[in-house]
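A.B. asks: Got a structure for you, questions after.
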Amino acid sequence: MLRLSTLFVRTLRDDPASAEVASHRLLVRAGYIRRAAPGGFTWLPLGWIVFRNVERIIRDEMDREGFQEVHFPALLPREPYEKTGRWTDYGDNLFRLKDRRGADMLLAPTHEEMFALLVKDLYSSYKDLPLVIYQIQNKFRDEARPRAGLLRSREFSMKDSYSFDLDDEGLQVNYDKHRAAYQRTFERLGMPYVIVSAMSGAMGGSASEEFLAPLPVGEDTYVRCTQCDYAANTEAVQVAPPAALASDDAPLSRVVDTPDTPTIQTLVDLMNGRADLRRDDRDWTAADTLKNVVVTLRHPDGTSTALAIGVPGDRDVDMKRLEAQVAPAEIEPFTEADFAANAHLVKGYIGPESLGENSLSGIRFVVDPRIVDGSRWITGANQRGHHVVDLTAGRDFTADGVIEAAEVHGGDPCPRCGAALEIARGIEIGHIFQLGRMYAEALGLTVLDQNGKTRVVTMGSYGIGVSRAVGAIAELNCDDRGLVWPRAVAPADVHIVATGKATDAQLPAAEVLAAECEAAGLRVLFDDRAGVSPGIKFKDADLLGVPTIVVVGRGLADGMVELTDRRSGDKRDVALTDIVALLCTLD
RNA sequence: CGGGGUGUAGCGCAGCUUGGUUAGCGCGCCACGUUCGGGACGUGGAGGCCGGGAGUUCAAAUCUCCCCACCCCGACCA
């Protein structure tokens, strides 16, 4: 039984000044967590109970699939991460340190390498596979900007599991098992979620899906189809390209004089305003133009290359999408100095003819999938004040490749069924990856198959942010008065409040009731504080967010107590003699 | 890393523009008394290197410069 008279907790009357999002504010105010370091939090007793409840549910669903729990150190040597390239690929996000002998160490951001090496250490036969092992452990990432309390911290708890299979079919089985286990887990945690196709990012590998909690404070933007069940992180959206057009009858391209048109809008306005350029059938729009954006790619090894991206002029290049495509390279803007250094680029009037690996500039040129063969564009003519009209893809220019980097707009067609997509925000609470063989290959994880042949093991990796889940659950379950925990993770089943003076009958009666509840298997938080006014106790009960509140108060004289559902606020009087049995039936 | 903001008692804040008593308010905390169903009241207390350093000045929370920390918005991720 938790007794508020002695529990190590202090609720705050005012919102902490440094907390913006609801979950952060309320978790601090209700005394669940305290900030201890930039991006680091201390769990107080109530918070730690919730944390362990979440952890237990996650573990339970892992164990149910027959996955086995292990535990690694968080402090690791450099070598394995060197072998997979992640010592450099992780960039500044990796916490690096040196031991007393000057050897490079790191605080693990995730554990693919160590798991692969552990399996290599112990297993060598196909008969040992498949295998799934997991751990629940703290991870460290030197985030550029920790924020929103538990939703984005630099040290956080993650359940990470890893599957090891002989082939892709086996990987698919374990991937599907995780997917199902995650669905059960989030349902038990009382969390709404969406599964979206995702990019693998620094993790590498092929297929991956994210579990997002739909929250406006989330940092991920995703799309979902208004008709079918397609959903994807915007980073991973695959544009459905229009069919290629025949270019035989397309008019020849011509360069036109377009003074003072450095932006798409000024260009379109000028084209529509001039008799010699106007279209007969309709006005020109930004979508008729081809915008060519040049950026600098900063590679993990420190070198840089330029990249040009061609997108329809009604869309910007989405830096997040672009970055996902070029990972592990990072994007930097193309500066004035960069333009000055490349005489073939005319800022504001860059056209395909100056781009491409075989062009004078030598800059790699990739285009949006909408730039199909036969499509005709208004685009830069590589001379100040000039554009080219009817430049036709496939006939007049050819890109070095295709890239998914254009902004996704609400209303864009679903790549699966063509209906409109809608855009929403969410926070990533789980991610499942089919890694394939890249880690095993880099680290030499092989087994012998039936024929005595060496086979590289196929891996998957699967993560759930445990501490983040606590934050997301709080964010999804709160109101203006405080937290409202789902029962499965709540620090208690029932919050018993005794009102009245210390000498009144309520306190001893509540004491008896609390003991009875506990004997009946209920987890009890008992506000047994003497000399604290009822108002304070009620406010605290609302703030702390235990799903059911029982007040032993003035109705006691008639043998009644008051039962309140924290979420709905519904109150009703119940006979003291019936209350325990009733509480046991609540869910 | 870029932009914006904030650092004064455990928490929330005022004071700073225009330098000048002993640095203030609310909450919380301690003691005593009253009160007791939605953050009660009285009386008396404790608690501060005004983020740090350097400077200007007879005099700095207040003016100047340099650091540091935190928060928010953008570029990164469970």
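Following the order of the structure tokens, chains are lettered A, B, ..., residues in each are numbered from 1, and ligands are numbered from 1.
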Residues of chain B within 12 Å of chain A, counting only C-alpha atoms (C1' of nucleotides) - could you list those as a list in words?

C.D. replies: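 Applying the cut-off to the listed atoms yields C1, G5, U6, G7, G10, C11, G12, C13, G26, C27, G28, U35, C36, G37, G38, G39, A40, A69, C70, C71, C72, C73, G74, A75, C76, C77 and A78 of chain B.
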
A.B. asks: Set out as a tab-separated table a contact list for range 455-497 of chain A and range 167-184 of chain A with a cut-off of 8 Å, giving each residue of range 455-497 of chain A that qualifies its closest atom pair and distance in Å to one decimal, counting only C-alpha atoms, ordered by chain and rising residue number.

C.D. replies:
residue	atom	partner	partner_atom	distance
A:Val457	CA	A:Asp167	CA	7.2
A:Thr458	CA	A:Asp167	CA	5.9
A:Met459	CA	A:Leu171	CA	6.8
A:Gly460	CA	A:Leu171	CA	6.6
A:Tyr462	CA	A:His178	CA	7.3

A.B. asks: Just want the 10 Å neighbourhood of Thr446 in chain A, counted on only C-alpha atoms (C1' of nucleotides), with same-chain residues fewer than 4 positions away dropped. Output as a list in words.

C.D. replies: Ala116, Val119, Lys120, Tyr123, Ser124, Ser125, Tyr126, Leu166, Arg437, Ala440, Glu441, Lys453, Thr454, Arg455, Val456, Val457 and Thr458 of chain A

A.B. asks: Generate the output file for the selected residues, C-alpha atoms, as an mmCIF file, in the first residue's frame.

C.D. replies:
data_model
loop_
_atom_site.group_PDB
_atom_site.id
_atom_site.type_symbol
_atom_site.label_atom_id
_atom_site.label_comp_id
_atom_site.auth_asym_id
_atom_site.auth_seq_id
_atom_site.Cartn_x
_atom_site.Cartn_y
_atom_site.Cartn_z
ATOM 1 C CA ALA A 116 25.377 -10.005 -33.525
ATOM 2 C CA VAL A 119 25.419 -14.830 -31.321
ATOM 3 C CA LYS A 120 28.612 -15.250 -33.314
ATOM 4 C CA TYR A 123 26.355 -20.211 -32.246
ATOM 5 C CA SER A 124 27.693 -21.707 -35.446
ATOM 6 C CA SER A 125 25.030 -24.003 -36.887
ATOM 7 C CA TYR A 126 21.804 -23.550 -38.777
ATOM 8 C CA LEU A 166 19.016 -18.480 -41.926
ATOM 9 C CA ARG A 437 22.636 -9.383 -43.760
ATOM 10 C CA ALA A 440 26.105 -10.050 -39.927
ATOM 11 C CA GLU A 441 28.320 -9.565 -42.943
ATOM 12 C CA LYS A 453 28.170 -24.335 -46.522
ATOM 13 C CA THR A 454 28.850 -21.042 -44.784
ATOM 14 C CA ARG A 455 25.772 -18.828 -44.660
ATOM 15 C CA VAL A 456 25.557 -15.228 -43.506
ATOM 16 C CA VAL A 457 22.826 -14.850 -40.907
ATOM 17 C CA THR A 458 19.843 -12.596 -41.593
#

A.B. asks: If DSSP is run on the backbone, what residues of range 69-274 of chain A are strand (DSSP E)? A reply as a PyMOL selection string would be ideal.

C.D. replies: chain A and resi 69+75-77+95-98+104-107+131-140+155-165+194-197+208-214+220-225+231-233+254-257

A.B. asks: Could you write out that same residue set with C-alpha atoms as a PDB file, in the first residue's frame?

C.D. replies:
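selection-v9.pdb was written with the following content:
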ATOM      1  CA  GLU A  69      15.871 -11.697 -22.323  1.00  0.00           C
ATOM      2  CA  LEU A  75      29.468   1.176 -22.037  1.00  0.00           C
ATOM      3  CA  LEU A  76      30.986  -0.431 -25.106  1.00  0.00           C
ATOM      4  CA  PRO A  77      34.232  -0.539 -27.054  1.00  0.00           C
ATOM      5  CA  PHE A  95      28.261   9.654 -26.919  1.00  0.00           C
ATOM      6  CA  ARG A  96      31.962   8.891 -27.190  1.00  0.00           C
ATOM      7  CA  LEU A  97      34.481   8.776 -24.397  1.00  0.00           C
ATOM      8  CA  LYS A  98      37.950   7.510 -23.673  1.00  0.00           C
ATOM      9  CA  ASP A 104      37.734   4.886 -27.499  1.00  0.00           C
ATOM     10  CA  MET A 105      34.498   3.842 -25.853  1.00  0.00           C
ATOM     11  CA  LEU A 106      30.887   4.727 -26.466  1.00  0.00           C
ATOM     12  CA  LEU A 107      27.595   4.720 -24.671  1.00  0.00           C
ATOM     13  CA  LEU A 131      16.803 -17.114 -32.397  1.00  0.00           C
ATOM     14  CA  VAL A 132      15.317 -13.954 -30.929  1.00  0.00           C
ATOM     15  CA  ILE A 133      16.919 -12.292 -27.934  1.00  0.00           C
ATOM     16  CA  TYR A 134      16.136  -8.948 -26.379  1.00  0.00           C
ATOM     17  CA  GLN A 135      16.976  -6.610 -23.563  1.00  0.00           C
ATOM     18  CA  ILE A 136      15.446  -3.652 -21.792  1.00  0.00           C
ATOM     19  CA  GLN A 137      18.142  -1.157 -21.215  1.00  0.00           C
ATOM     20  CA  ASN A 138      19.147   2.460 -21.247  1.00  0.00           C
ATOM     21  CA  LYS A 139      20.331   3.941 -24.493  1.00  0.00           C
ATOM     22  CA  PHE A 140      22.293   7.114 -24.994  1.00  0.00           C
ATOM     23  CA  GLU A 155      19.271   8.813 -21.931  1.00  0.00           C
ATOM     24  CA  PHE A 156      16.205   6.670 -22.351  1.00  0.00           C
ATOM     25  CA  SER A 157      15.037   3.149 -21.756  1.00  0.00           C
ATOM     26  CA  MET A 158      14.434   0.965 -24.766  1.00  0.00           C
ATOM     27  CA  LYS A 159      13.354  -2.574 -25.280  1.00  0.00           C
ATOM     28  CA  ASP A 160      15.425  -3.764 -28.190  1.00  0.00           C
ATOM     29  CA  SER A 161      15.183  -7.214 -29.693  1.00  0.00           C
ATOM     30  CA  TYR A 162      17.079  -8.879 -32.484  1.00  0.00           C
ATOM     31  CA  SER A 163      16.166 -11.821 -34.650  1.00  0.00           C
ATOM     32  CA  PHE A 164      18.613 -14.215 -36.284  1.00  0.00           C
ATOM     33  CA  ASP A 165      17.539 -16.398 -39.172  1.00  0.00           C
ATOM     34  CA  VAL A 194      -0.749   3.768 -36.291  1.00  0.00           C
ATOM     35  CA  ILE A 195       1.623   1.547 -38.194  1.00  0.00           C
ATOM     36  CA  VAL A 196       3.372   3.369 -40.999  1.00  0.00           C
ATOM     37  CA  SER A 197       5.961   2.425 -43.577  1.00  0.00           C
ATOM     38  CA  SER A 208      10.805  -1.144 -41.787  1.00  0.00           C
ATOM     39  CA  GLU A 209       7.662   0.055 -40.144  1.00  0.00           C
ATOM     40  CA  GLU A 210       7.069   2.524 -37.360  1.00  0.00           C
ATOM     41  CA  PHE A 211       4.457   2.473 -34.638  1.00  0.00           C
ATOM     42  CA  LEU A 212       3.337   6.031 -34.080  1.00  0.00           C
ATOM     43  CA  ALA A 213       1.186   7.381 -31.294  1.00  0.00           C
ATOM     44  CA  PRO A 214      -0.983  10.008 -32.978  1.00  0.00           C
ATOM     45  CA  ASP A 220       6.966  12.664 -37.082  1.00  0.00           C
ATOM     46  CA  THR A 221       4.700  13.624 -39.923  1.00  0.00           C
ATOM     47  CA  TYR A 222       2.895  10.799 -41.576  1.00  0.00           C
ATOM     48  CA  VAL A 223       0.244  10.352 -44.197  1.00  0.00           C
ATOM     49  CA  ARG A 224      -2.671   8.052 -44.194  1.00  0.00           C
ATOM     50  CA  CYS A 225      -5.107   7.253 -46.929  1.00  0.00           C
ATOM     51  CA  ALA A 231      -0.073   4.776 -44.057  1.00  0.00           C
ATOM     52  CA  ALA A 232       3.497   5.952 -44.213  1.00  0.00           C
ATOM     53  CA  ASN A 233       5.919   8.309 -42.620  1.00  0.00           C
ATOM     54  CA  ARG A 254      12.572  27.184 -76.794  1.00  0.00           C
ATOM     55  CA  VAL A 255      14.387  29.668 -74.645  1.00  0.00           C
ATOM     56  CA  VAL A 256      12.319  32.683 -73.694  1.00  0.00           C
ATOM     57  CA  ASP A 257      13.253  36.003 -72.217  1.00  0.00           C
TER      58      ASP A 257
END

A.B. asks: Considering only alpha helix (DSSP H) as DSSP defines it on the backbone, what residues of range 237-352 of chain A qualify? List them as number ranges by chain.

C.D. replies: A: 264-273, 319-326, 336-341

A.B. asks: Dump N, CA and C atoms for the selected residues as a PDB file, in the first residue's frame?

C.D. replies:
ATOM      1  N   ILE A 264       9.516  31.091 -58.531  1.00  0.00           N
ATOM      2  CA  ILE A 264       8.506  30.382 -59.307  1.00  0.00           C
ATOM      3  C   ILE A 264       7.291  31.285 -59.539  1.00  0.00           C
ATOM      4  N   GLN A 265       6.862  31.985 -58.476  1.00  0.00           N
ATOM      5  CA  GLN A 265       5.654  32.790 -58.588  1.00  0.00           C
ATOM      6  C   GLN A 265       5.823  33.930 -59.596  1.00  0.00           C
ATOM      7  N   THR A 266       6.986  34.603 -59.530  1.00  0.00           N
ATOM      8  CA  THR A 266       7.196  35.704 -60.481  1.00  0.00           C
ATOM      9  C   THR A 266       7.247  35.164 -61.894  1.00  0.00           C
ATOM     10  N   LEU A 267       7.794  33.972 -62.056  1.00  0.00           N
ATOM     11  CA  LEU A 267       7.878  33.360 -63.382  1.00  0.00           C
ATOM     12  C   LEU A 267       6.481  33.047 -63.926  1.00  0.00           C
ATOM     13  N   VAL A 268       5.674  32.406 -63.091  1.00  0.00           N
ATOM     14  CA  VAL A 268       4.326  32.022 -63.527  1.00  0.00           C
ATOM     15  C   VAL A 268       3.507  33.264 -63.865  1.00  0.00           C
ATOM     16  N   ASP A 269       3.607  34.283 -63.017  1.00  0.00           N
ATOM     17  CA  ASP A 269       2.861  35.515 -63.269  1.00  0.00           C
ATOM     18  C   ASP A 269       3.263  36.127 -64.605  1.00  0.00           C
ATOM     19  N   LEU A 270       4.558  36.136 -64.869  1.00  0.00           N
ATOM     20  CA  LEU A 270       5.038  36.738 -66.105  1.00  0.00           C
ATOM     21  C   LEU A 270       4.563  35.947 -67.314  1.00  0.00           C
ATOM     22  N   MET A 271       4.634  34.622 -67.202  1.00  0.00           N
ATOM     23  CA  MET A 271       4.221  33.775 -68.329  1.00  0.00           C
ATOM     24  C   MET A 271       2.747  33.978 -68.658  1.00  0.00           C
ATOM     25  N   ASN A 272       1.917  34.086 -67.600  1.00  0.00           N
ATOM     26  CA  ASN A 272       0.486  34.249 -67.818  1.00  0.00           C
ATOM     27  C   ASN A 272       0.150  35.650 -68.306  1.00  0.00           C
ATOM     28  N   GLY A 273       1.039  36.587 -68.038  1.00  0.00           N
ATOM     29  CA  GLY A 273       0.754  37.974 -68.375  1.00  0.00           C
ATOM     30  C   GLY A 273       1.236  38.370 -69.761  1.00  0.00           C
ATOM     31  N   MET A 319      13.260  18.668 -46.575  1.00  0.00           N
ATOM     32  CA  MET A 319      14.609  18.325 -46.117  1.00  0.00           C
ATOM     33  C   MET A 319      14.648  17.008 -45.344  1.00  0.00           C
ATOM     34  N   LYS A 320      13.578  16.737 -44.611  1.00  0.00           N
ATOM     35  CA  LYS A 320      13.544  15.472 -43.878  1.00  0.00           C
ATOM     36  C   LYS A 320      13.515  14.289 -44.840  1.00  0.00           C
ATOM     37  N   ARG A 321      12.684  14.402 -45.872  1.00  0.00           N
ATOM     38  CA  ARG A 321      12.598  13.315 -46.841  1.00  0.00           C
ATOM     39  C   ARG A 321      13.923  13.156 -47.558  1.00  0.00           C
ATOM     40  N   LEU A 322      14.499  14.290 -47.937  1.00  0.00           N
ATOM     41  CA  LEU A 322      15.770  14.240 -48.651  1.00  0.00           C
ATOM     42  C   LEU A 322      16.836  13.584 -47.783  1.00  0.00           C
ATOM     43  N   GLU A 323      16.877  14.019 -46.535  1.00  0.00           N
ATOM     44  CA  GLU A 323      17.905  13.497 -45.634  1.00  0.00           C
ATOM     45  C   GLU A 323      17.752  11.991 -45.459  1.00  0.00           C
ATOM     46  N   ALA A 324      16.505  11.539 -45.381  1.00  0.00           N
ATOM     47  CA  ALA A 324      16.273  10.107 -45.244  1.00  0.00           C
ATOM     48  C   ALA A 324      16.801   9.356 -46.465  1.00  0.00           C
ATOM     49  N   GLN A 325      16.713   9.992 -47.623  1.00  0.00           N
ATOM     50  CA  GLN A 325      17.161   9.337 -48.849  1.00  0.00           C
ATOM     51  C   GLN A 325      18.681   9.281 -48.958  1.00  0.00           C
ATOM     52  N   VAL A 326      19.338  10.294 -48.438  1.00  0.00           N
ATOM     53  CA  VAL A 326      20.785  10.369 -48.639  1.00  0.00           C
ATOM     54  C   VAL A 326      21.571   9.913 -47.417  1.00  0.00           C
ATOM     55  N   GLU A 336      26.328  30.944 -51.113  1.00  0.00           N
ATOM     56  CA  GLU A 336      26.774  31.888 -52.142  1.00  0.00           C
ATOM     57  C   GLU A 336      28.177  31.529 -52.605  1.00  0.00           C
ATOM     58  N   ALA A 337      28.992  31.143 -51.643  1.00  0.00           N
ATOM     59  CA  ALA A 337      30.371  30.783 -51.980  1.00  0.00           C
ATOM     60  C   ALA A 337      30.396  29.559 -52.890  1.00  0.00           C
ATOM     61  N   ASP A 338      29.467  28.618 -52.621  1.00  0.00           N
ATOM     62  CA  ASP A 338      29.400  27.422 -53.456  1.00  0.00           C
ATOM     63  C   ASP A 338      29.004  27.798 -54.890  1.00  0.00           C
ATOM     64  N   PHE A 339      28.042  28.726 -54.993  1.00  0.00           N
ATOM     65  CA  PHE A 339      27.638  29.188 -56.325  1.00  0.00           C
ATOM     66  C   PHE A 339      28.820  29.858 -57.027  1.00  0.00           C
ATOM     67  N   ALA A 340      29.518  30.668 -56.272  1.00  0.00           N
ATOM     68  CA  ALA A 340      30.652  31.384 -56.848  1.00  0.00           C
ATOM     69  C   ALA A 340      31.703  30.399 -57.353  1.00  0.00           C
ATOM     70  N   ALA A 341      31.812  29.273 -56.662  1.00  0.00           N
ATOM     71  CA  ALA A 341      32.838  28.300 -57.021  1.00  0.00           C
ATOM     72  C   ALA A 341      32.437  27.464 -58.228  1.00  0.00           C
TER      73      ALA A 341
END

A.B. asks: Measure the distance from C1' of A54 in chain B to C1' of A14 in chain B in Å and round it to one decimal.

C.D. replies: 28.2 Å

A.B. asks: Mind pulling up the distance from CA of Phe526 in chain A to CA of Thr577 in chain A?

C.D. replies: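 Distance reported for this atom pair: 18.3 Å.
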
A.B. asks: In Å to one decimal, how far is CA of Ala74 in chain A from CA of Arg298 in chain A?

C.D. replies: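 Those two atoms sit 28.9 Å apart.
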
A.B. asks: Using only C-alpha atoms (C1' of nucleotides), which protein or nucleic acid residues come within 12 Å of C67 in chain B? Drop anything in the same chain fewer than 6 positions from it, and give the result as number ranges by chain.

C.D. replies: B: 51-54

A.B. asks: Could you pull the residues within 12 Å of U56 in chain B, counting only C-alpha atoms (C1' of nucleotides), minus those fewer than 6 positions along the same chain, as a ChimeraX atom specification?

C.D. replies: /B:19,63-65

A.B. asks: Write to file, as an mmCIF file, in the first residue's frame, the residues of the selection just made, with C-alpha atoms (C1' of nucleotides).

C.D. replies:
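The result, stored in part-v2.cif:
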data_model
loop_
_atom_site.group_PDB
_atom_site.id
_atom_site.type_symbol
_atom_site.label_atom_id
_atom_site.label_comp_id
_atom_site.auth_asym_id
_atom_site.auth_seq_id
_atom_site.Cartn_x
_atom_site.Cartn_y
_atom_site.Cartn_z
ATOM 1 C "C1'" G B 19 22.326 52.259 -10.264
ATOM 2 C "C1'" C B 63 24.971 49.510 -16.804
ATOM 3 C "C1'" U B 64 29.067 47.013 -20.294
ATOM 4 C "C1'" C B 65 31.734 42.647 -22.057
#
